[in-house]
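Peer 1: Okay, so here is work35.csv, and as you'll see once you scroll down, it has CSV, C-alpha atoms.
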chain,number,residue,atom,x,y,z
Z,1,MET,CA,-36.6,-9.4,25.5
Z,2,LYS,CA,-38.9,-11.2,23.3
Z,3,LYS,CA,-38.0,-14.4,21.4
Z,4,THR,CA,-38.3,-12.6,18.0
Z,5,GLN,CA,-36.0,-9.8,19.2
Z,6,ILE,CA,-33.4,-12.3,20.4
Z,7,THR,CA,-33.6,-14.1,17.0
Z,8,GLU,CA,-33.2,-10.8,15.1
Z,9,PHE,CA,-30.3,-9.9,17.4
Z,10,LYS,CA,-28.5,-13.2,16.7
Z,11,GLN,CA,-29.0,-12.8,13.0
Z,12,LYS,CA,-27.5,-9.3,13.1
Z,13,ILE,CA,-24.5,-10.6,15.1
Z,14,LYS,CA,-24.1,-13.4,12.5
Z,15,GLN,CA,-24.3,-10.9,9.6
Z,16,MET,CA,-21.7,-8.6,11.4
Z,17,ASP,CA,-19.5,-11.6,11.9
Z,18,GLN,CA,-19.6,-12.4,8.2
Z,19,ILE,CA,-18.8,-8.8,7.3
Z,20,VAL,CA,-15.8,-8.8,9.7
Z,21,THR,CA,-14.6,-12.1,8.4
Z,22,SER,CA,-15.0,-10.9,4.8
Z,23,ASN,CA,-13.1,-7.6,5.6
Z,24,ILE,CA,-10.3,-9.6,7.3
Z,25,ASP,CA,-10.0,-11.8,4.3
Z,26,GLU,CA,-9.8,-8.7,2.0
Z,27,PHE,CA,-7.2,-7.1,4.2
Z,28,LYS,CA,-5.1,-10.3,4.1
Z,29,LYS,CA,-5.3,-10.3,0.3
Z,30,ILE,CA,-4.3,-6.7,0.1
Z,31,ILE,CA,-1.3,-7.3,2.5
Z,32,THR,CA,-0.3,-10.3,0.5
Z,33,ASP,CA,-0.4,-8.3,-2.8
Z,34,ILE,CA,1.7,-5.6,-1.2
Z,35,LYS,CA,4.3,-8.1,0.0
Z,36,THR,CA,4.6,-9.8,-3.4
Z,37,LYS,CA,5.0,-6.4,-5.1
Z,38,HIS,CA,8.0,-5.7,-2.9
Z,39,ASP,CA,9.7,-9.1,-2.9
Z,40,VAL,CA,12.5,-7.9,-5.2
Z,41,LYS,CA,14.9,-5.5,-3.4
Z,42,VAL,CA,18.2,-4.8,-5.0
Z,43,ILE,CA,21.0,-2.4,-4.0
Z,44,SER,CA,24.2,-1.7,-5.7
Z,45,TYR,CA,27.3,0.1,-4.6
Z,46,PHE,CA,31.0,0.7,-5.4
Z,47,THR,CA,34.0,-0.2,-3.3
Z,48,TYR,CA,37.4,1.0,-4.4
Z,49,SER,CA,40.9,2.0,-3.5
Z,50,LEU,CA,43.1,4.7,-5.0
Z,51,ASP,CA,46.8,5.2,-5.7
Z,52,ILE,CA,47.1,8.9,-6.5
Z,53,SER,CA,50.3,10.5,-7.7
Z,54,HIS,CA,50.7,14.1,-6.8
Z,55,ASN,CA,53.3,14.6,-9.6
Z,56,LYS,CA,52.4,16.0,-13.0
Z,57,GLU,CA,52.3,13.4,-15.7
Z,58,GLN,CA,52.5,10.3,-13.4
Z,59,GLU,CA,49.8,7.7,-13.7
Z,60,ASN,CA,47.0,7.5,-11.1
Z,61,LEU,CA,45.0,4.3,-10.5
Z,62,LEU,CA,41.7,3.4,-9.0
Z,63,ILE,CA,40.8,-0.3,-8.5
Z,64,GLY,CA,37.1,-0.8,-7.9
Z,65,THR,CA,34.3,-3.3,-7.6
Z,66,TYR,CA,30.7,-2.8,-8.4
Z,67,HIS,CA,28.4,-4.9,-6.2
Z,68,ILE,CA,24.8,-6.0,-6.8
Z,69,ARG,CA,23.1,-7.4,-3.7
Z,70,ASN,CA,19.6,-9.0,-3.7
Z,71,LEU,CA,18.0,-8.1,-0.4
Z,72,GLY,CA,14.6,-9.5,-1.5
Z,73,ASN,CA,13.1,-12.9,-1.2
Z,74,LYS,CA,12.8,-13.6,-4.9
Z,75,PRO,CA,15.5,-14.1,-7.5
Z,76,VAL,CA,16.6,-11.2,-9.7
Z,77,THR,CA,16.6,-12.1,-13.4
Z,78,ASN,CA,19.0,-11.1,-16.1
Z,79,PRO,CA,21.0,-8.5,-14.2
Z,80,TYR,CA,23.2,-6.0,-16.0
Z,81,ILE,CA,24.9,-2.7,-15.2
Z,82,CYS,CA,26.0,0.6,-16.6
Z,83,ILE,CA,29.1,2.3,-15.4
Z,84,LYS,CA,29.2,5.9,-16.6
Z,85,LEU,CA,32.3,8.0,-16.7
Z,86,PRO,CA,32.2,11.8,-16.9
Z,87,GLN,CA,32.4,13.4,-20.3
Z,88,ASN,CA,35.8,14.8,-21.4
Z,89,SER,CA,37.5,13.1,-18.4
Z,90,PRO,CA,41.1,11.9,-18.5
Z,91,PHE,CA,40.0,8.5,-17.1
Z,92,THR,CA,40.6,5.2,-19.0
Z,93,PHE,CA,38.4,2.3,-17.9
Z,94,SER,CA,39.3,-1.4,-18.1
Z,95,GLY,CA,38.4,-4.7,-16.4
Z,96,LYS,CA,37.6,-8.3,-17.0
Z,97,ILE,CA,35.4,-7.4,-20.0
Z,98,ILE,CA,34.5,-9.6,-23.0
Z,99,ASN,CA,34.0,-8.0,-26.3
Z,100,ASN,CA,34.2,-9.2,-29.9
Z,101,LYS,CA,38.0,-9.1,-29.8
Z,102,ASN,CA,38.6,-11.2,-26.7
Z,103,LYS,CA,36.0,-14.1,-26.7
Z,104,ILE,CA,38.7,-16.2,-24.9
Z,105,LEU,CA,37.5,-14.7,-21.6
Z,106,MET,CA,34.1,-16.3,-22.0
Z,107,SER,CA,35.0,-19.1,-19.6
Z,108,ALA,CA,36.9,-16.9,-17.2
Z,109,PRO,CA,35.2,-16.8,-13.8
Z,110,GLY,CA,33.9,-13.3,-13.0
Z,111,ALA,CA,34.0,-12.1,-16.5
Z,112,TRP,CA,31.4,-9.6,-17.8
Z,113,GLU,CA,30.3,-9.0,-21.4
Z,114,ARG,CA,30.1,-5.6,-22.9
Z,115,ILE,CA,26.7,-5.1,-24.5
Z,116,ASN,CA,27.1,-1.6,-25.9
Z,117,ALA,CA,29.3,-0.2,-28.7
Z,118,GLU,CA,33.0,-0.4,-27.9
Z,119,ALA,CA,33.4,3.0,-29.4
Z,120,SER,CA,31.7,4.6,-26.3
Z,121,SER,CA,34.4,5.6,-23.8
Z,122,GLN,CA,31.9,7.0,-21.3
Z,123,GLU,CA,29.3,4.3,-20.9
Z,124,PHE,CA,30.1,0.7,-20.2
Z,125,TRP,CA,27.0,-1.5,-20.3
Z,126,LEU,CA,28.0,-4.9,-18.9
Z,127,LYS,CA,26.3,-8.2,-18.1
Z,128,PRO,CA,27.8,-11.1,-16.1
Z,129,VAL,CA,28.7,-14.1,-18.2
Z,130,ASN,CA,26.7,-17.2,-17.4
Z,131,VAL,CA,24.6,-15.5,-14.7
Z,132,GLN,CA,20.9,-15.1,-15.4
Z,133,LEU,CA,19.6,-15.3,-11.8
Z,134,LEU,CA,20.7,-13.6,-8.7
Z,135,PRO,CA,19.2,-15.6,-5.8
Z,136,PRO,CA,17.9,-13.9,-2.6
Z,137,SER,CA,20.6,-12.8,-0.2
Z,138,GLU,CA,23.3,-13.3,-2.8
Z,139,THR,CA,25.7,-10.8,-4.4
Z,140,ILE,CA,27.4,-10.6,-7.7
Z,141,ALA,CA,30.2,-8.2,-8.5
Z,142,PHE,CA,32.1,-6.7,-11.4
Z,143,GLN,CA,35.4,-7.0,-9.6
Z,144,ASN,CA,38.7,-5.2,-9.9
Z,145,PHE,CA,38.0,-2.8,-12.7
Z,146,GLN,CA,40.6,-0.2,-13.2
Z,147,LEU,CA,40.5,3.5,-13.8
Z,148,LYS,CA,43.7,5.1,-14.9
Z,149,TRP,CA,44.6,8.6,-15.7
Z,150,ILE,CA,47.5,11.0,-16.0
Z,151,ALA,CA,47.0,14.4,-14.6
Z,152,LEU,CA,48.3,16.9,-17.1
Z,153,ASP,CA,45.8,19.5,-15.8
Z,154,SER,CA,43.5,19.7,-12.9
Z,155,TYR,CA,40.7,17.2,-13.1
Z,156,SER,CA,37.4,16.1,-11.5
Z,157,GLY,CA,34.7,13.7,-12.2
Z,158,SER,CA,32.2,11.3,-10.8
Z,159,ILE,CA,31.8,7.7,-11.8
Z,160,MET,CA,28.2,6.5,-11.6
Z,161,GLY,CA,26.7,3.1,-11.6
Z,162,PHE,CA,23.2,1.8,-12.4
Z,163,THR,CA,21.7,-1.7,-12.1
Z,164,TYR,CA,19.1,-3.1,-14.4
Z,165,CYS,CA,17.2,-6.4,-14.5
Z,166,ASP,CA,13.9,-7.8,-15.7
Z,167,GLU,CA,12.3,-6.5,-12.5
Z,168,PHE,CA,13.8,-3.0,-12.8
Z,169,LYS,CA,13.9,-2.2,-16.5
Z,170,GLU,CA,14.3,1.6,-15.8
Z,171,GLY,CA,17.3,0.9,-13.6
Z,172,LYS,CA,18.3,1.7,-10.1
Z,173,PRO,CA,21.3,3.9,-9.3
Z,174,ALA,CA,24.1,2.8,-7.0
Z,175,ILE,CA,23.8,4.0,-3.5
Z,176,ASN,CA,27.2,5.7,-3.9
Z,177,GLN,CA,29.4,7.1,-6.7
Z,178,ILE,CA,33.1,7.6,-7.0
Z,179,SER,CA,34.1,11.2,-7.0
Z,180,ILE,CA,37.7,12.0,-8.0
Z,181,SER,CA,39.3,15.4,-8.3
Z,182,GLY,CA,42.8,16.8,-8.2
Z,183,ASN,CA,44.6,20.1,-8.8
Z,184,ILE,CA,47.8,20.4,-10.7
Z,185,ASN,CA,49.8,23.5,-9.8
Z,186,LEU,CA,51.7,24.7,-12.8
As structure tokens, what does this structure read like?

Peer 2:
Amino acid sequence: MKKTQITEFKQKIKQMDQIVTSNIDEFKKIITDIKTKHDVKVISYFTYSLDISHNKEQENLLIGTYHIRNLGNKPVTNPYICIKLPQNSPFTFSGKIINNKNKILMSAPGAWERINAEASSQEFWLKPVNVQLLPPSETIAFQNFQLKWIALDSYSGSIMGFTYCDEFKEGKPAINQISISGNINL
């Protein structure tokens, strides 16, 4: 090989090395962007227990908890939930909920504030009192809510949950729902 050919070959290798380095840097940037877009991972789910009466006109009870878990590596900001009951169901919903009538609960640990109209008996929009951030690997929960009903007739319905926050303004459904049904033999 001639000296000029060797010099040209070295220059081409240097150019290729620069291109490879540039591509690697670009890939690193793309991967970093993808990771930061997926740093917030939230799941929510119900746990519950039932006390079912198989007698007509006796009260039935569900005690449940709605959990929100931050599986990501960034905090979740301003979390709130919607628990939705089926339309025309016999279910009555209650829990540690603050509304305009019971501001005394504001300092109660684990209390949640209702942020929609109290007239709605199917949708309960709730936010935790004094919780604006859910740190990574942490869980908050709307604990020990109660669902009561008296089975005068056969009934069925599903209770659904949705989690909202600044990062998920459209909401994320719970990974499970509570389905309840019963037949009353007349």

Peer 1: Quick one: residues within 8 Å of range 143-146 of chain Z, all atoms listed in the file, excluding same-chain residues fewer than 3 positions away - as a short mmCIF file (atom, residue, chain, number, x, y, z; two decimals) with C-alpha atoms, in the frame of the given file?

Peer 2:
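Final file, result_39.cif:
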data_model
loop_
_atom_site.label_atom_id
_atom_site.label_comp_id
_atom_site.auth_asym_id
_atom_site.auth_seq_id
_atom_site.Cartn_x
_atom_site.Cartn_y
_atom_site.Cartn_z
CA LEU Z 61 45.00 4.30 -10.50
CA LEU Z 62 41.70 3.40 -9.00
CA ILE Z 63 40.80 -0.30 -8.50
CA GLY Z 64 37.10 -0.80 -7.90
CA THR Z 65 34.30 -3.30 -7.60
CA TYR Z 66 30.70 -2.80 -8.40
CA THR Z 92 40.60 5.20 -19.00
CA PHE Z 93 38.40 2.30 -17.90
CA SER Z 94 39.30 -1.40 -18.10
CA GLY Z 95 38.40 -4.70 -16.40
CA LYS Z 96 37.60 -8.30 -17.00
CA GLY Z 110 33.90 -13.30 -13.00
#

Peer 1: So, counting only C-alpha atoms, which residue among Z:Asn183, Z:Thr47, Z:Asn99, Z:Asn70 is closest to Leu134 in chain Z?

Peer 2: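 So, comparing all the options, the nearest one is Z:Asn70.
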
Peer 1: Using all atoms listed in the file, which residue out of Z:Ile180, Z:Ile52, Z:Ile150, Z:Ile68 lies closest to Cys82 in chain Z?

Peer 2: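 Of Z:Ile180, Z:Ile52, Z:Ile150, Z:Ile68, the one nearest Cys82 in chain Z, counting all atoms listed in the file, is Z:Ile68.
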
Peer 1: Considering only C-alpha atoms, return as a ChimeraX atom specification whatever protein or nucleic-acid residues lie within 12 Å of range 169-177 of chain Z, sequence-local ones (same chain, fewer than 4 positions apart) excluded.

Peer 2: /Z:41-48,64-69,76-86,157-165

Peer 1: CA of Trp112 in chain Z and CA of Asn88 in chain Z, how far apart in Å?

Peer 2: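 Computing it gives 25.1 Å between the two atoms.
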
Peer 1: Could you tell me how far CA of Thr139 in chain Z lies from CA of Ala111 in chain Z, in Å and to one decimal?

Peer 2: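 Spanning CA of Thr139 in chain Z to CA of Ala111 in chain Z is a straight-line distance of 14.7 Å.
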